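Visitor: Structure file structure.cif (mmCIF, C-alpha atoms and all ligand atoms) right here:
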data_upload
#
loop_
_atom_site.label_atom_id
_atom_site.label_comp_id
_atom_site.auth_asym_id
_atom_site.auth_seq_id
_atom_site.Cartn_x
_atom_site.Cartn_y
_atom_site.Cartn_z
CA MET A 279 174.00 111.46 93.09
CA ARG A 280 172.93 114.46 95.17
CA PRO A 281 170.59 113.98 98.16
CA PHE A 282 166.89 114.49 97.42
CA ASP A 283 163.54 114.18 99.16
CA TYR A 284 161.29 111.35 98.09
CA ALA A 285 157.50 111.22 98.37
CA ARG A 286 154.87 108.89 96.97
CA ALA A 287 151.81 110.61 95.51
CA GLY A 288 148.42 109.33 96.68
CA SER A 289 146.40 110.91 93.88
CA VAL A 290 146.79 112.49 90.45
CA ALA A 291 145.92 115.90 91.94
CA GLU A 292 148.60 115.51 94.62
CA ALA A 293 151.23 114.52 92.02
CA ALA A 294 150.32 117.45 89.75
CA ALA A 295 150.41 119.91 92.68
CA ALA A 296 153.83 118.60 93.75
CA ALA A 297 155.13 118.88 90.17
CA ARG A 298 153.79 122.45 89.95
CA ASP A 299 155.78 123.24 93.10
CA GLY A 300 159.00 121.99 91.49
CA ALA A 301 159.07 118.27 92.31
CA THR A 302 160.20 115.88 89.59
CA ILE A 303 157.93 112.98 88.67
CA ILE A 304 159.41 109.49 88.75
CA ALA A 305 157.67 106.57 87.05
CA GLY A 306 159.85 103.56 86.04
CA GLY A 307 162.97 105.60 86.80
CA THR A 308 164.94 103.96 83.97
CA ASN A 309 165.94 107.30 82.45
CA LEU A 310 165.55 109.69 85.37
CA LEU A 311 167.78 107.75 87.78
CA ASP A 312 170.58 107.55 85.19
CA LEU A 313 170.35 111.31 84.71
CA MET A 314 170.38 111.89 88.48
CA LYS A 315 173.42 109.64 88.97
CA LEU A 316 175.29 111.67 86.34
CA GLU A 317 173.97 114.92 87.89
CA VAL A 318 172.52 115.99 84.56
CA MET A 319 169.29 116.33 86.52
CA ALA A 320 169.50 117.11 90.23
CA PRO A 321 165.97 117.49 91.61
CA ASP A 322 165.55 118.42 95.28
CA ARG A 323 162.28 116.52 95.44
CA VAL A 324 161.12 113.41 93.59
CA VAL A 325 157.49 112.32 93.56
CA ASP A 326 156.74 108.68 92.80
CA ILE A 327 153.53 108.18 90.79
CA THR A 328 153.64 104.40 90.53
CA ARG A 329 150.74 103.83 92.96
CA LEU A 330 148.24 106.03 91.10
CA GLY A 331 146.60 103.13 89.28
CA LEU A 332 147.23 104.57 85.83
CA ASP A 333 148.04 101.13 84.49
CA ALA A 334 144.94 100.07 82.56
CA ILE A 335 144.48 99.66 78.82
CA GLU A 336 140.81 100.36 78.09
CA PRO A 337 138.62 100.77 75.00
CA THR A 338 137.45 104.34 74.32
CA ASP A 339 133.96 105.41 73.24
CA ALA A 340 135.49 106.44 69.91
CA GLY A 341 136.60 102.86 69.21
CA GLY A 342 140.27 103.31 70.08
CA LEU A 343 142.33 102.53 73.17
CA ARG A 344 143.23 104.54 76.27
CA ILE A 345 146.64 103.47 77.54
CA GLY A 346 147.35 104.48 81.14
CA ALA A 347 150.58 106.43 81.62
CA LEU A 348 151.98 103.74 83.92
CA VAL A 349 151.37 100.75 81.63
CA PRO A 350 154.80 99.11 81.34
CA ASN A 351 156.25 98.95 77.82
CA ALA A 352 156.35 95.12 78.05
CA ASP A 353 152.63 94.88 78.91
CA LEU A 354 151.66 97.30 76.16
CA ALA A 355 153.65 95.36 73.56
CA ALA A 356 152.02 92.10 74.68
CA ASP A 357 148.44 93.39 74.91
CA ARG A 358 146.16 91.29 72.72
CA ARG A 359 144.33 94.31 71.26
CA VAL A 360 147.56 96.18 70.53
CA ARG A 361 149.10 93.15 68.82
CA ARG A 362 145.97 92.63 66.73
CA ASP A 363 144.94 96.20 65.87
CA TYR A 364 148.11 98.29 66.26
CA PRO A 365 150.97 95.86 65.54
CA VAL A 366 153.25 98.73 64.49
CA LEU A 367 153.17 99.80 68.16
CA SER A 368 153.99 96.33 69.50
CA ARG A 369 156.85 96.01 67.05
CA ALA A 370 158.28 99.43 67.94
CA LEU A 371 158.13 98.67 71.67
CA LEU A 372 159.82 95.31 71.23
CA ALA A 373 162.56 96.96 69.16
CA GLY A 374 163.42 99.17 72.16
CA ALA A 375 165.72 98.64 75.14
CA SER A 376 165.79 95.15 76.75
CA GLY A 377 163.27 92.84 78.40
CA GLN A 378 164.17 94.05 81.90
CA LEU A 379 163.95 97.70 80.91
CA ARG A 380 160.62 97.21 79.15
CA ASN A 381 159.22 95.69 82.35
CA LYS A 382 160.01 98.91 84.24
CA ALA A 383 159.71 101.59 81.55
CA THR A 384 156.27 103.22 81.40
CA THR A 385 154.21 104.74 78.60
CA GLY A 386 154.41 108.29 80.00
CA GLY A 387 158.10 108.01 80.86
CA ASN A 388 158.93 106.68 77.41
CA LEU A 389 157.37 109.73 75.76
CA LEU A 390 159.36 112.05 78.03
CA GLN A 391 162.72 110.26 78.02
CA ARG A 392 165.60 112.59 77.26
CA THR A 393 167.93 112.52 74.26
CA ARG A 394 170.88 110.11 74.21
CA CYS A 395 173.28 112.82 72.92
CA TYR A 396 176.62 111.98 74.59
CA TYR A 397 177.38 115.64 75.31
CA PHE A 398 174.08 116.06 77.12
CA TYR A 399 175.09 113.28 79.54
CA ASP A 400 178.63 114.64 80.11
CA THR A 401 178.45 117.60 82.47
CA ALA A 402 182.05 118.55 81.60
CA MET A 403 180.94 119.38 78.04
CA PRO A 404 178.92 122.35 76.74
CA CYS A 405 175.27 121.63 76.00
CA ASN A 406 172.52 124.15 75.30
CA LYS A 407 169.87 121.66 76.30
CA ARG A 408 171.36 120.91 79.74
CA ASP A 409 172.84 124.37 80.33
CA PRO A 410 171.22 126.95 78.00
CA GLY A 411 173.74 129.31 76.42
CA SER A 412 176.77 127.07 77.08
CA GLY A 413 177.09 125.92 73.45
CA CYS A 414 176.69 122.58 71.71
CA GLY A 415 179.44 119.97 71.95
CA ALA A 416 177.95 117.89 69.16
CA ILE A 417 178.18 120.60 66.49
CA GLY A 418 181.73 120.19 65.23
CA GLY A 419 182.12 117.23 67.60
CA PHE A 420 181.30 113.55 67.31
CA ASN A 421 177.80 113.61 65.88
CA ARG A 422 177.21 110.21 64.31
CA ILE A 423 173.83 109.70 66.04
CA HIS A 424 172.55 113.25 65.58
CA ALA A 425 169.71 114.87 63.64
CA ILE A 426 169.53 115.48 59.90
CA LEU A 427 166.08 117.12 59.90
CA GLY A 428 164.62 119.98 61.92
CA ALA A 429 167.86 120.73 63.80
CA SER A 430 169.09 124.24 64.68
CA ASP A 431 172.46 125.88 65.25
CA LYS A 432 171.78 125.48 68.99
CA CYS A 433 171.04 121.74 69.11
CA ILE A 434 171.16 118.74 66.77
CA ALA A 435 169.95 116.10 69.23
CA THR A 436 167.51 113.34 68.27
CA HIS A 437 164.54 111.97 70.18
CA PRO A 438 165.35 108.41 71.25
CA SER A 439 161.93 106.78 71.68
CA ASP A 440 160.81 103.95 69.40
CA MET A 441 157.33 103.85 70.94
CA ALA A 442 156.69 107.53 70.20
CA VAL A 443 157.49 106.99 66.50
CA ALA A 444 154.77 104.35 66.22
CA MET A 445 152.38 106.48 68.28
CA ARG A 446 152.96 109.40 65.91
CA ALA A 447 152.30 107.27 62.84
CA LEU A 448 149.07 106.09 64.48
CA GLY A 449 147.90 109.66 65.23
CA ALA A 450 147.92 109.26 69.03
CA ALA A 451 147.11 111.99 71.54
CA VAL A 452 148.47 112.58 75.04
CA GLU A 453 146.04 113.05 77.95
CA VAL A 454 147.36 115.51 80.51
CA VAL A 455 145.99 116.61 83.90
CA ARG A 456 146.90 120.15 84.93
CA PRO A 457 147.42 121.17 88.60
CA SER A 458 144.02 122.92 88.36
CA GLY A 459 142.46 119.48 87.79
CA GLU A 460 141.54 120.19 84.17
CA THR A 461 142.20 117.43 81.65
CA HIS A 462 143.72 118.35 78.30
CA ARG A 463 144.24 116.30 75.20
CA ILE A 464 147.27 117.13 73.05
CA ALA A 465 147.80 115.49 69.67
CA LEU A 466 151.26 113.95 69.46
CA ASP A 467 151.67 116.04 66.29
CA ASP A 468 151.62 119.13 68.54
CA PHE A 469 153.31 117.68 71.63
CA TYR A 470 157.05 117.88 70.89
CA CYS A 471 159.06 121.01 70.04
CA LEU A 472 161.88 121.49 67.55
CA PRO A 473 165.07 122.79 69.18
CA GLY A 474 165.19 126.28 67.61
CA ASP A 475 166.82 128.70 70.06
CA THR A 476 165.44 126.88 73.11
CA PRO A 477 166.45 123.21 72.95
CA GLN A 478 165.79 122.88 76.69
CA VAL A 479 162.06 123.17 75.87
CA GLU A 480 161.24 119.71 74.57
CA ASN A 481 157.45 119.61 74.65
CA VAL A 482 154.40 121.77 75.32
CA LEU A 483 153.81 120.51 78.89
CA GLU A 484 153.50 123.22 81.54
CA PRO A 485 154.91 122.96 85.08
CA GLY A 486 152.78 120.50 87.03
CA ASP A 487 151.28 118.79 83.98
CA LEU A 488 150.99 115.07 84.56
CA ILE A 489 150.56 112.64 81.68
CA THR A 490 147.73 110.30 82.63
CA ALA A 491 147.24 108.37 79.38
CA VAL A 492 147.87 108.07 75.68
CA LEU A 493 144.83 107.80 73.40
CA LEU A 494 144.90 105.76 70.21
CA PRO A 495 142.31 106.39 67.49
CA PRO A 496 140.27 103.47 66.13
CA PRO A 497 142.38 100.76 64.45
CA PRO A 498 143.56 102.01 61.04
CA GLY A 499 143.71 98.56 59.42
CA GLY A 500 146.27 97.99 56.73
CA VAL A 501 149.72 96.50 56.92
CA HIS A 502 151.90 97.60 59.86
CA ARG A 503 155.70 97.68 59.82
CA TYR A 504 158.40 99.03 62.12
CA ARG A 505 161.96 98.86 60.86
CA LYS A 506 164.80 100.02 63.08
CA VAL A 507 168.33 100.35 61.75
CA ARG A 508 170.92 100.37 64.53
CA ASP A 509 174.52 99.53 65.26
CA ARG A 510 173.70 96.24 67.03
CA ALA A 511 170.87 93.80 66.42
CA SER A 512 169.37 94.61 69.82
CA TYR A 513 169.76 96.89 72.80
CA ALA A 514 170.71 99.96 70.77
CA PHE A 515 168.93 103.16 69.85
CA ALA A 516 167.78 103.81 66.28
CA LEU A 517 170.06 105.43 63.75
CA VAL A 518 167.02 105.51 61.48
CA SER A 519 163.62 103.95 62.05
CA VAL A 520 160.42 103.93 60.04
CA ALA A 521 156.92 103.18 61.36
CA ALA A 522 154.49 102.47 58.54
CA VAL A 523 150.76 101.76 58.33
CA ILE A 524 149.84 101.20 54.69
CA ARG A 525 146.35 100.38 53.43
CA MET A 526 145.88 99.16 49.87
CA GLU A 527 142.67 99.21 47.80
CA GLY A 528 143.13 96.94 44.85
CA ASP A 529 146.45 97.79 43.26
CA VAL A 530 146.80 101.30 44.66
CA ILE A 531 147.83 102.78 47.99
CA ALA A 532 144.67 104.08 49.67
CA ASP A 533 146.28 105.40 52.84
CA ALA A 534 149.80 105.82 54.20
CA GLN A 535 150.71 106.81 57.76
CA LEU A 536 154.46 107.13 58.25
CA ALA A 537 156.73 108.37 61.02
CA TYR A 538 160.49 108.28 61.51
CA GLY A 539 162.92 107.92 64.40
CA GLY A 540 166.59 108.85 64.68
CA LEU A 541 166.24 111.75 62.24
CA ALA A 542 165.09 114.71 64.32
CA HIS A 543 164.53 116.24 67.75
CA LEU A 544 161.09 114.68 67.71
CA PRO A 545 159.44 111.63 66.17
CA TRP A 546 159.30 112.98 62.61
CA ARG A 547 156.29 112.94 60.29
CA ASP A 548 156.15 114.43 56.80
CA ARG A 549 152.66 114.48 55.30
CA ARG A 550 153.99 115.41 51.87
CA VAL A 551 155.50 111.95 51.56
CA GLU A 552 152.20 110.32 52.52
CA GLU A 553 150.22 112.49 50.09
CA MET A 554 152.49 111.61 47.16
CA LEU A 555 151.94 107.89 47.80
CA VAL A 556 148.14 107.88 48.08
CA GLY A 557 146.34 106.89 44.89
CA GLU A 558 149.51 105.50 43.31
CA ALA A 559 150.46 101.93 42.45
CA PRO A 560 153.54 100.65 44.29
CA SER A 561 156.73 100.80 42.25
CA VAL A 562 160.46 101.00 42.83
CA ASP A 563 160.51 104.45 41.22
CA LEU A 564 157.66 105.76 43.39
CA PHE A 565 159.35 104.62 46.59
CA ALA A 566 162.67 106.09 45.50
CA LEU A 567 160.88 109.43 44.97
CA ALA A 568 159.26 109.14 48.41
CA GLY A 569 162.72 108.67 49.93
CA GLU A 570 164.04 111.70 48.01
CA LEU A 571 161.18 113.84 49.27
CA LEU A 572 161.70 112.73 52.88
CA VAL A 573 165.33 113.91 52.91
CA ARG A 574 164.95 116.90 50.58
CA GLU A 575 165.68 119.40 53.39
CA ALA A 576 168.04 117.10 55.32
CA SER A 577 171.57 118.15 56.15
CA GLY A 578 174.30 116.26 57.95
CA GLN A 579 177.03 117.40 60.31
CA GLY A 580 179.78 115.21 58.89
CA ALA A 581 179.75 112.03 60.94
CA ASN A 582 175.99 111.62 60.50
CA ASP A 583 175.89 112.32 56.73
CA PHE A 584 175.31 108.60 56.17
CA LYS A 585 171.84 108.95 57.68
CA ILE A 586 170.59 110.79 54.58
CA PRO A 587 170.93 107.86 52.14
CA LEU A 588 170.11 105.45 54.97
CA ALA A 589 166.76 107.19 55.64
CA ARG A 590 165.97 107.28 51.93
CA ARG A 591 166.70 103.60 51.45
CA THR A 592 165.04 102.46 54.67
CA LEU A 593 161.80 104.20 53.73
CA ALA A 594 161.86 102.70 50.22
CA ALA A 595 162.51 99.23 51.66
CA VAL A 596 159.71 99.50 54.24
CA LEU A 597 157.25 100.69 51.59
CA ALA A 598 158.19 97.82 49.28
CA ASP A 599 157.74 95.35 52.12
CA ALA A 600 154.42 96.83 53.29
CA THR A 601 152.90 96.88 49.80
CA GLY A 602 154.16 93.44 48.80
CA LEU A 603 156.36 94.92 46.06
CA GLU A 604 159.36 92.86 47.09
CA ALA A 605 157.42 89.63 46.96
CA ALA A 606 155.90 90.56 43.59
CA LYS A 607 159.27 91.25 42.00
C1 LIG A 701 170.27 100.92 78.44
C2 LIG A 701 169.01 101.52 77.91
C3 LIG A 701 168.62 101.25 76.60
C4 LIG A 701 167.43 101.80 76.12
N1 LIG A 701 167.06 101.56 74.82
C5 LIG A 701 165.92 102.13 74.31
C6 LIG A 701 165.52 101.96 72.97
O1 LIG A 701 166.18 101.25 72.20
N2 LIG A 701 164.38 102.55 72.55
C7 LIG A 701 163.63 103.32 73.38
O2 LIG A 701 162.59 103.83 72.96
N3 LIG A 701 163.98 103.53 74.65
C8 LIG A 701 165.11 102.96 75.13
N4 LIG A 701 165.47 103.19 76.42
C9 LIG A 701 164.76 104.18 77.18
C10 LIG A 701 163.62 103.65 77.99
O3 LIG A 701 162.61 103.25 77.11
C11 LIG A 701 163.16 104.82 78.86
O4 LIG A 701 164.13 105.02 79.85
C12 LIG A 701 161.82 104.57 79.52
O5 LIG A 701 160.81 104.38 78.57
C13 LIG A 701 161.43 105.73 80.41
O6 LIG A 701 160.29 105.36 81.14
P1 LIG A 701 160.30 105.43 82.72
O7 LIG A 701 158.94 105.08 83.18
O8 LIG A 701 161.42 104.61 83.29
O9 LIG A 701 160.58 106.97 82.92
P2 LIG A 701 161.32 107.75 84.09
O10 LIG A 701 162.79 107.53 83.99
O11 LIG A 701 160.66 107.47 85.40
O12 LIG A 701 160.95 109.23 83.67
C14 LIG A 701 161.43 109.80 82.46
C15 LIG A 701 160.96 111.26 82.43
O13 LIG A 701 159.56 111.33 82.29
C16 LIG A 701 158.96 112.07 83.35
N5 LIG A 701 157.68 111.38 83.60
C17 LIG A 701 157.52 110.05 83.71
N6 LIG A 701 156.22 109.74 83.78
C18 LIG A 701 155.54 110.91 83.71
C19 LIG A 701 154.16 111.24 83.71
N7 LIG A 701 153.20 110.32 83.77
N8 LIG A 701 153.82 112.55 83.63
C20 LIG A 701 154.77 113.51 83.56
N9 LIG A 701 156.10 113.25 83.56
C21 LIG A 701 156.48 111.96 83.62
C22 LIG A 701 159.98 112.02 84.47
O14 LIG A 701 159.88 113.16 85.32
C23 LIG A 701 161.29 112.03 83.70
O15 LIG A 701 161.65 113.34 83.33
C24 LIG A 701 166.63 102.62 76.95
C25 LIG A 701 167.02 102.87 78.28
C26 LIG A 701 168.19 102.32 78.76
C27 LIG A 701 168.59 102.62 80.17
S1 LIG A 702 173.06 118.32 70.33
FE1 LIG A 702 171.68 119.27 71.84
S2 LIG A 702 171.79 117.84 73.54
FE2 LIG A 702 173.61 117.45 72.28
S3 LIG A 702 175.25 118.80 73.04
FE3 LIG A 702 174.20 119.91 71.45
S4 LIG A 702 172.71 121.11 72.61
FE4 LIG A 702 173.30 119.45 73.93
#
Kindly present the structure from the file in C-alpha cells form.

Guide:
Amino acid sequence: MRPFDYARAGSVAEAAAAARDGATIIAGGTNLLDLMKLEVMAPDRVVDITRLGLDAIEPTDAGGLRIGALVPNADLAADRRVRRDYPVLSRALLAGASGQLRNKATTGGNLLQRTRCYYFYDTAMPCNKRDPGSGCGAIGGFNRIHAILGASDKCIATHPSDMAVAMRALGAAVEVVRPSGETHRIALDDFYCLPGDTPQVENVLEPGDLITAVLLPPPPGGVHRYRKVRDRASYAFALVSVAAVIRMEGDVIADAQLAYGGLAHLPWRDRRVEEMLVGEAPSVDLFALAGELLVREASGQGANDFKIPLARRTLAAVLADATGLEAAK
C-alpha cells in the first residue's frame, strides 16, 4: 500500500469540498482498503466520513424511507420497517458478504463498490476500467463471472452489489450533495452507466459528489423475493440474482418489479419483461416466455455462456415462487 494522507471530515460540506479537490472518500473501507492494498486505487488523500451522522433510517413525507449513506448493511437488513415493508431489500442484504463485512459495509459504499473482475484487481493485467486504453484481459480470457447483457468490446465486467439490485427493483433514488451545497436526487435507474467506450465511468456522480442517503418510495406491497445463484451457499458474489416484487389481484399479476444481478455492468432492469407479465395469469409458459425475453439480446464470452439459460430459469423459478404457481401445481 502506498503512503497517503488521512483526514476525518467534520461536515458534509467539508467532505464534499475535499472530494472535489481530489480526496477519496472512505466509509466502511471494506472495498476501498482492498483496492488500495493491491494498488488498484492509490489515493494521495483519504477523507473519512464515518463521523458525519448519516446513519439514520427515517420515514419520508412521501411515505417511504430515507436511509442514511452510513447505515451499515447489517442494520439496514435488520430494520423493522425494512423487514416488514421492503423484505426484498433485507433478503438481498443478507445474501451478501458475511456478518462481519455487513457490520462495516455502508449503504453508500455498497452502491459504489467496484467490480470483482479478476483482471481489474491484477495490476499486471490489461484492464480498460483500471487503465483506460490498455485492453481487457477478460475478453478472450477467463470470463466465467462476466456480463451477458449491456457489455461492450471495451469491458464485460458485472456490478457486484446485491443491495443495489433490490434497490433498483424497488425504484430507489440516490440523494447526493454537491460541493456547492446543492442536494440532488438521482433515480437509481439513471445512476449507473453501461461500459461503452468508457468503462472507467461507472456512474453519473461528479467530482466532489457525496452520497448522503438512499430514498425508498412508499412500500409497494406484494410478495418479495430475492434469489441469488452462486458458486457457494454463502460468502460468494452472484452469478445470477433476481429481485422480485410481485403484486397479484385475484388470479392475475397486477404489478411486477424485477431487477437482476450478475448479468450486466449495472443492476439490470428490463421493463419489457414486467409489462408482458402484468394482466396475465401465472403459468409455466408465461414465465418461460419472460425468461426468453430477458435474455433475448444476451451474449456470452464462452466461459459465461451458462449464465444465459441460468438467468432464464432463475427468473422463471422466482416468478413461480412469488405467484404461488409452484405450490398450486
Ligand atoms: C470478501 C468480501 C465478500 C463480499 N461479498 C459481497 C456480496 O456477496 N454481495 C455484495 O453486495 N457485496 C459484497 N461485498 C462487498 C461489500 O458489500 C462492499 O465492500 C461494501 O458494501 C462497501 O461499503 P463500504 O462502506 O465498506 O465502502 P468503502 O470501501 O468505504 O467505499 C467503497 C467506494 O465507495 C466510495 N464511497 C463510500 N461511501 C461514499 C459516499 N457516501 N459518497 C461517495 N462515495 C462514497 C468510496 O470512495 C469507495 O470508492 C463483499 C466484500 C468482501 C471484502
Ligand atoms: S471486464 Fe472490464 S474490469 Fe474486467 S478486465 Fe475487462 S475492462 Fe477491466

Visitor: Dump as a tab-separated table the rows for residues of chain A within 8 Å of ligand LIG 702 (chain A): closest atom pair and distance in Å with one decimal, all atoms listed in the file counted, ordered by chain and rising residue number.

Guide:
residue	atom	partner	partner_atom	distance
A:Thr393	CA	A:LIG702	S2	6.6
A:Arg394	CA	A:LIG702	S2	7.8
A:Cys395	CA	A:LIG702	FE2	4.7
A:Tyr396	CA	A:LIG702	FE2	6.7
A:Tyr397	CA	A:LIG702	S3	4.4
A:Phe398	CA	A:LIG702	S2	4.6
A:Met403	CA	A:LIG702	S3	7.6
A:Pro404	CA	A:LIG702	S3	6.3
A:Cys405	CA	A:LIG702	FE4	3.6
A:Asn406	CA	A:LIG702	S4	4.1
A:Lys407	CA	A:LIG702	S4	4.7
A:Arg408	CA	A:LIG702	FE4	6.3
A:Gly413	CA	A:LIG702	S4	6.6
A:Cys414	CA	A:LIG702	FE3	3.7
A:Gly415	CA	A:LIG702	S3	4.5
A:Ala416	CA	A:LIG702	S3	4.8
A:Ile417	CA	A:LIG702	FE3	6.4
A:His424	CA	A:LIG702	S1	7.0
A:Lys432	CA	A:LIG702	S4	5.8
A:Cys433	CA	A:LIG702	FE1	3.7
A:Ile434	CA	A:LIG702	S1	4.1
A:Ala435	CA	A:LIG702	S1	4.0
A:Thr436	CA	A:LIG702	S1	7.7
A:Pro473	CA	A:LIG702	FE1	7.9
A:Pro477	CA	A:LIG702	S4	6.6

Visitor: Set up a box along x, y and z of the file covering all listed atoms of ligand LIG 701 (chain A), add 8 Å on every one of the six sides, and write the centre and edge lengths in Å to one decimal, as AutoDock Vina command-line options.

Guide:
--center_x 161.7 --center_y 107.2 --center_z 78.8 --size_x 33.1 --size_y 28.6 --size_z 29.2

Visitor: Using only C-alpha atoms and all ligand atoms for the distances, tell me which of A:Thr338, A:Thr490, A:Thr476, A:Ser289 is nearest to ligand LIG 701 (chain A).

Guide: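 With only C-alpha atoms and all ligand atoms as the atom set, the closest residue is A:Thr490.
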
Visitor: What separation in Å, quoted to one decimal, exists between CA of Ser430 in chain A and CA of Ala576 in chain A?

Guide: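 Answer for the CA of Ser430 in chain A to CA of Ala576 in chain A separation: 11.8 Å.
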
Visitor: Find the distance between CA of Ile327 in chain A and atom C9 of ligand LIG 701 (chain A) and write it in Å to one decimal.

Guide: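 We find that CA of Ile327 in chain A and atom C9 of ligand LIG 701 (chain A) lie 18.1 Å from each other.
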
Visitor: In Å to one decimal, how far is atom C12 of ligand LIG 701 (chain A) from CA of Glu336 in chain A?

Guide: 21.5 Å

Visitor: Could you make a table, as a Markdown table, of the residues of chain A that have an atom within 8 Å of an atom of ligand LIG 701 (chain A), each with its nearest atom pair and distance in Å to one decimal, counting all atoms listed in the file, in chain and number order?

Guide:
| residue | atom | partner | partner_atom | distance |
| --- | --- | --- | --- | --- |
| A:Thr302 | CA | A:LIG701 | O14 | 5.1 |
| A:Ile303 | CA | A:LIG701 | O14 | 3.9 |
| A:Ile304 | CA | A:LIG701 | O11 | 4.1 |
| A:Ala305 | CA | A:LIG701 | O11 | 3.5 |
| A:Gly306 | CA | A:LIG701 | O8 | 3.3 |
| A:Gly307 | CA | A:LIG701 | O11 | 3.3 |
| A:Thr308 | CA | A:LIG701 | O8 | 3.6 |
| A:Asn309 | CA | A:LIG701 | O10 | 3.5 |
| A:Leu310 | CA | A:LIG701 | O10 | 3.8 |
| A:Leu311 | CA | A:LIG701 | O10 | 6.3 |
| A:Asp312 | CA | A:LIG701 | C27 | 7.3 |
| A:Ile327 | CA | A:LIG701 | N7 | 7.3 |
| A:Ala347 | CA | A:LIG701 | N7 | 5.2 |
| A:Leu348 | CA | A:LIG701 | N7 | 6.7 |
| A:Pro350 | CA | A:LIG701 | O7 | 7.5 |
| A:Asn351 | CA | A:LIG701 | O5 | 7.1 |
| A:Ala370 | CA | A:LIG701 | O2 | 7.9 |
| A:Leu371 | CA | A:LIG701 | O2 | 6.9 |
| A:Ala373 | CA | A:LIG701 | O1 | 6.4 |
| A:Gly374 | CA | A:LIG701 | O1 | 3.5 |
| A:Ala375 | CA | A:LIG701 | N1 | 3.2 |
| A:Ser376 | CA | A:LIG701 | C3 | 6.7 |
| A:Leu379 | CA | A:LIG701 | C25 | 6.6 |
| A:Arg380 | CA | A:LIG701 | O3 | 6.7 |
| A:Lys382 | CA | A:LIG701 | O8 | 5.9 |
| A:Ala383 | CA | A:LIG701 | O6 | 3.8 |
| A:Thr384 | CA | A:LIG701 | O7 | 3.7 |
| A:Thr385 | CA | A:LIG701 | O7 | 6.6 |
| A:Gly386 | CA | A:LIG701 | N6 | 4.4 |
| A:Gly387 | CA | A:LIG701 | O9 | 3.4 |
| A:Asn388 | CA | A:LIG701 | O5 | 3.2 |
| A:Leu389 | CA | A:LIG701 | O5 | 7.0 |
| A:Leu390 | CA | A:LIG701 | O13 | 4.3 |
| A:Gln391 | CA | A:LIG701 | C14 | 4.6 |
| A:Arg392 | CA | A:LIG701 | C15 | 7.1 |
| A:Pro438 | CA | A:LIG701 | O2 | 5.6 |
| A:Ser439 | CA | A:LIG701 | O2 | 3.3 |
| A:Asp440 | CA | A:LIG701 | O2 | 4.0 |
| A:Met441 | CA | A:LIG701 | O2 | 5.6 |
| A:Ala442 | CA | A:LIG701 | O2 | 7.5 |
| A:Val454 | CA | A:LIG701 | N8 | 7.8 |
| A:Asp487 | CA | A:LIG701 | C20 | 6.3 |
| A:Leu488 | CA | A:LIG701 | N8 | 3.9 |
| A:Ile489 | CA | A:LIG701 | N8 | 3.8 |
| A:Thr490 | CA | A:LIG701 | N7 | 5.6 |
| A:Ala491 | CA | A:LIG701 | N7 | 7.7 |
| A:Ser512 | CA | A:LIG701 | O1 | 7.7 |
| A:Tyr513 | CA | A:LIG701 | O1 | 5.7 |
| A:Ala514 | CA | A:LIG701 | O1 | 4.9 |
| A:Phe515 | CA | A:LIG701 | O1 | 4.1 |
| A:Ala516 | CA | A:LIG701 | O1 | 6.6 |

Visitor: Can I get the residues of range 312-356 of chain A within 7 Å of range 282-285 of chain A, each with the closest pair of atoms and their distance in Å to one decimal, using only C-alpha atoms, sorted chain first then ascending number, as a Markdown table?

Guide:
| residue | atom | partner | partner_atom | distance |
| --- | --- | --- | --- | --- |
| A:Pro321 | CA | A:Phe282 | CA | 6.6 |
| A:Asp322 | CA | A:Phe282 | CA | 4.7 |
| A:Arg323 | CA | A:Asp283 | CA | 4.6 |
| A:Val324 | CA | A:Tyr284 | CA | 5.0 |
| A:Val325 | CA | A:Ala285 | CA | 4.9 |
| A:Asp326 | CA | A:Ala285 | CA | 6.2 |

Visitor: For those residues, write C-alpha atoms to a file as a CSV table (one decimal), in the coordinates of the input.

Guide:
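The resulting file, again-v5.csv, is reproduced below:
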chain,number,residue,atom,x,y,z
A,321,PRO,CA,166.0,117.5,91.6
A,322,ASP,CA,165.6,118.4,95.3
A,323,ARG,CA,162.3,116.5,95.4
A,324,VAL,CA,161.1,113.4,93.6
A,325,VAL,CA,157.5,112.3,93.6
A,326,ASP,CA,156.7,108.7,92.8

Visitor: Please determine, counting all atoms listed in the file, which residue among A:Leu588, A:Val479, A:Asp467, A:Leu567 has the shortest atom-to-atom distance to Asp548 in chain A.

Guide: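 Closest to Asp548 in chain A of all the choices is A:Asp467.
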
Visitor: Taking a cut-off of 7 Å and counting only C-alpha atoms, can you build a table that, for each residue of range 404-429 of chain A near range 523-547 of chain A, reports the nearest atom pair and how far apart they are in Å (one decimal), sorted by chain then residue number, as a Markdown table?

Guide:
| residue | atom | partner | partner_atom | distance |
| --- | --- | --- | --- | --- |
| A:Ala425 | CA | A:Ala542 | CA | 4.7 |
| A:Ile426 | CA | A:Leu541 | CA | 5.5 |
| A:Leu427 | CA | A:Ala542 | CA | 5.1 |
| A:Gly428 | CA | A:Ala542 | CA | 5.8 |
| A:Ala429 | CA | A:Ala542 | CA | 6.6 |

Visitor: Using all atoms listed in the file, pick whichever of A:Asp563, A:Val492, A:Leu555, A:Leu593 has the shortest atom-to-atom distance to Lys506 in chain A.

Guide: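 Closest to Lys506 in chain A of all the choices is A:Leu593.
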
Visitor: Pick out the residues sitting within 9 Å of Ala355 in chain A, and hand them over as a list in words; count all atoms listed in the file, and ignore anything fewer than 5 positions along from it in its own chain.

Guide: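 Selected residues are Pro350, Val360, Arg361, Pro365, Leu367, Ser368, Arg369, Ala370, Leu371 and Leu372 of chain A.
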
Visitor: For the residues in the current selection, export C-alpha atoms as a PDB file, keeping the file's coordinate frame.

Guide:
ATOM      1  CA  PRO A 350     154.800  99.110  81.340  1.00  0.00           C
ATOM      2  CA  VAL A 360     147.560  96.180  70.530  1.00  0.00           C
ATOM      3  CA  ARG A 361     149.100  93.150  68.820  1.00  0.00           C
ATOM      4  CA  PRO A 365     150.970  95.860  65.540  1.00  0.00           C
ATOM      5  CA  LEU A 367     153.170  99.800  68.160  1.00  0.00           C
ATOM      6  CA  SER A 368     153.990  96.330  69.500  1.00  0.00           C
ATOM      7  CA  ARG A 369     156.850  96.010  67.050  1.00  0.00           C
ATOM      8  CA  ALA A 370     158.280  99.430  67.940  1.00  0.00           C
ATOM      9  CA  LEU A 371     158.130  98.670  71.670  1.00  0.00           C
ATOM     10  CA  LEU A 372     159.820  95.310  71.230  1.00  0.00           C
TER      11      LEU A 372
END
